[in-house]
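The next block holds one structure in the form of structure tokens; read it before the comments.
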Amino acid sequence: MNLKKIKSMKKIIPVKGMGCAKCKARVENALNALAGVNEASVSLEDAQAVVDYDPAKTSLEQMRAEVENAGYQLIVEEAK
């Protein structure tokens with residue numbers, strides 16, 4: 001049996017512009033809607049997103065653009 005190895009990366013990415021629980025939900029929804037994002041969770045208190053994603057299917061730049069379309073800033077150059 002040949003099992004494909006799933007490649008994923010986990011990044012912690014600062015988010016600017018969130019002020020409430022609805023903001024947090026909008027950012028999470030924007031990230032989770034992207035093909036290639038396995039899971040995204042956002043902390044309002046820490047102002048950051050933890051994203052588990054497949055870099056072959058999506059990029060930090062695509063995530064940044066999607067979050068920007070939702071009205072917030074994903075600071076990709078500071079991603080850990």
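Ligands are numbered from 1 in the order shown, chains are lettered A, B, ... in the order of the structure tokens, and residues start at 1 in each chain.
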Q: Skip segment 20-28 of chain A itself and residues of its chain fewer than 4 positions away, then list as a list in words all residues within 8 Å of it, counting only C-alpha atoms.
A: Asn32, Ala40, Ser41, Val42, Ser43, Leu44, Ala49, Val67, Ala70 and Tyr72 of chain A
With N, CA, C and O atoms kept, could you save the residues just selected as a PDB file, in the first residue's frame?
ATOM      1  N   ASN A  32      -9.623  29.955   6.727  1.00  0.00           N
ATOM      2  CA  ASN A  32     -10.118  28.586   6.580  1.00  0.00           C
ATOM      3  C   ASN A  32     -10.801  28.346   5.235  1.00  0.00           C
ATOM      4  O   ASN A  32     -10.931  27.196   4.809  1.00  0.00           O
ATOM      5  N   ALA A  40      -6.950  26.963  10.671  1.00  0.00           N
ATOM      6  CA  ALA A  40      -6.499  28.280  11.102  1.00  0.00           C
ATOM      7  C   ALA A  40      -7.264  28.650  12.361  1.00  0.00           C
ATOM      8  O   ALA A  40      -8.480  28.509  12.415  1.00  0.00           O
ATOM      9  N   SER A  41      -6.524  29.092  13.366  1.00  0.00           N
ATOM     10  CA  SER A  41      -7.167  29.599  14.573  1.00  0.00           C
ATOM     11  C   SER A  41      -6.548  30.951  14.886  1.00  0.00           C
ATOM     12  O   SER A  41      -5.350  31.169  14.683  1.00  0.00           O
ATOM     13  N   VAL A  42      -7.385  31.853  15.357  1.00  0.00           N
ATOM     14  CA  VAL A  42      -6.961  33.230  15.580  1.00  0.00           C
ATOM     15  C   VAL A  42      -7.164  33.577  17.047  1.00  0.00           C
ATOM     16  O   VAL A  42      -8.197  33.256  17.633  1.00  0.00           O
ATOM     17  N   SER A  43      -6.178  34.232  17.622  1.00  0.00           N
ATOM     18  CA  SER A  43      -6.269  34.719  18.996  1.00  0.00           C
ATOM     19  C   SER A  43      -6.426  36.231  18.964  1.00  0.00           C
ATOM     20  O   SER A  43      -5.538  36.948  18.487  1.00  0.00           O
ATOM     21  N   LEU A  44      -7.548  36.698  19.470  1.00  0.00           N
ATOM     22  CA  LEU A  44      -7.788  38.138  19.556  1.00  0.00           C
ATOM     23  C   LEU A  44      -6.825  38.760  20.561  1.00  0.00           C
ATOM     24  O   LEU A  44      -6.243  39.813  20.310  1.00  0.00           O
ATOM     25  N   ALA A  49      -2.543  34.720  14.224  1.00  0.00           N
ATOM     26  CA  ALA A  49      -3.195  33.538  13.663  1.00  0.00           C
ATOM     27  C   ALA A  49      -2.185  32.399  13.664  1.00  0.00           C
ATOM     28  O   ALA A  49      -1.005  32.612  13.372  1.00  0.00           O
ATOM     29  N   VAL A  67      -7.062  37.875   3.880  1.00  0.00           N
ATOM     30  CA  VAL A  67      -7.336  38.575   5.145  1.00  0.00           C
ATOM     31  C   VAL A  67      -7.511  40.065   4.875  1.00  0.00           C
ATOM     32  O   VAL A  67      -8.376  40.716   5.470  1.00  0.00           O
ATOM     33  N   ALA A  70     -10.866  40.856   3.786  1.00  0.00           N
ATOM     34  CA  ALA A  70     -11.811  40.830   4.904  1.00  0.00           C
ATOM     35  C   ALA A  70     -11.693  42.089   5.773  1.00  0.00           C
ATOM     36  O   ALA A  70     -12.496  42.289   6.682  1.00  0.00           O
ATOM     37  N   TYR A  72      -8.562  43.281   7.293  1.00  0.00           N
ATOM     38  CA  TYR A  72      -7.539  43.204   8.335  1.00  0.00           C
ATOM     39  C   TYR A  72      -6.172  43.028   7.705  1.00  0.00           C
ATOM     40  O   TYR A  72      -6.067  42.847   6.501  1.00  0.00           O
TER      41      TYR A  72
END
Q: May I have all residues of chain A that DSSP, computed from the backbone, assigns to alpha helix (DSSP H), given as a VMD selection string?
A: chain A and resid 21 to 32 60 to 69
Q) Residues at most 10 Å from Tyr53 of chain A, counting only C-alpha atoms, excluding those fewer than 6 positions away in the same chain, as number ranges by chain? A) A: 7-11, 31-32, 34-40, 59-60
**Q.** Residue with smallest distance to Ala65 of chain A - pool A:Ala47, A:Ile13, A:Ala30, A:Met18, counting only C-alpha atoms
**A.**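 Among the listed residues, the smallest separation from Ala65 of chain A belongs to A:Ala30.
Taking atom CA of Glu45 of chain A and atom CA of Val15 of chain A as the two end points, the separation is 10.7 Å.
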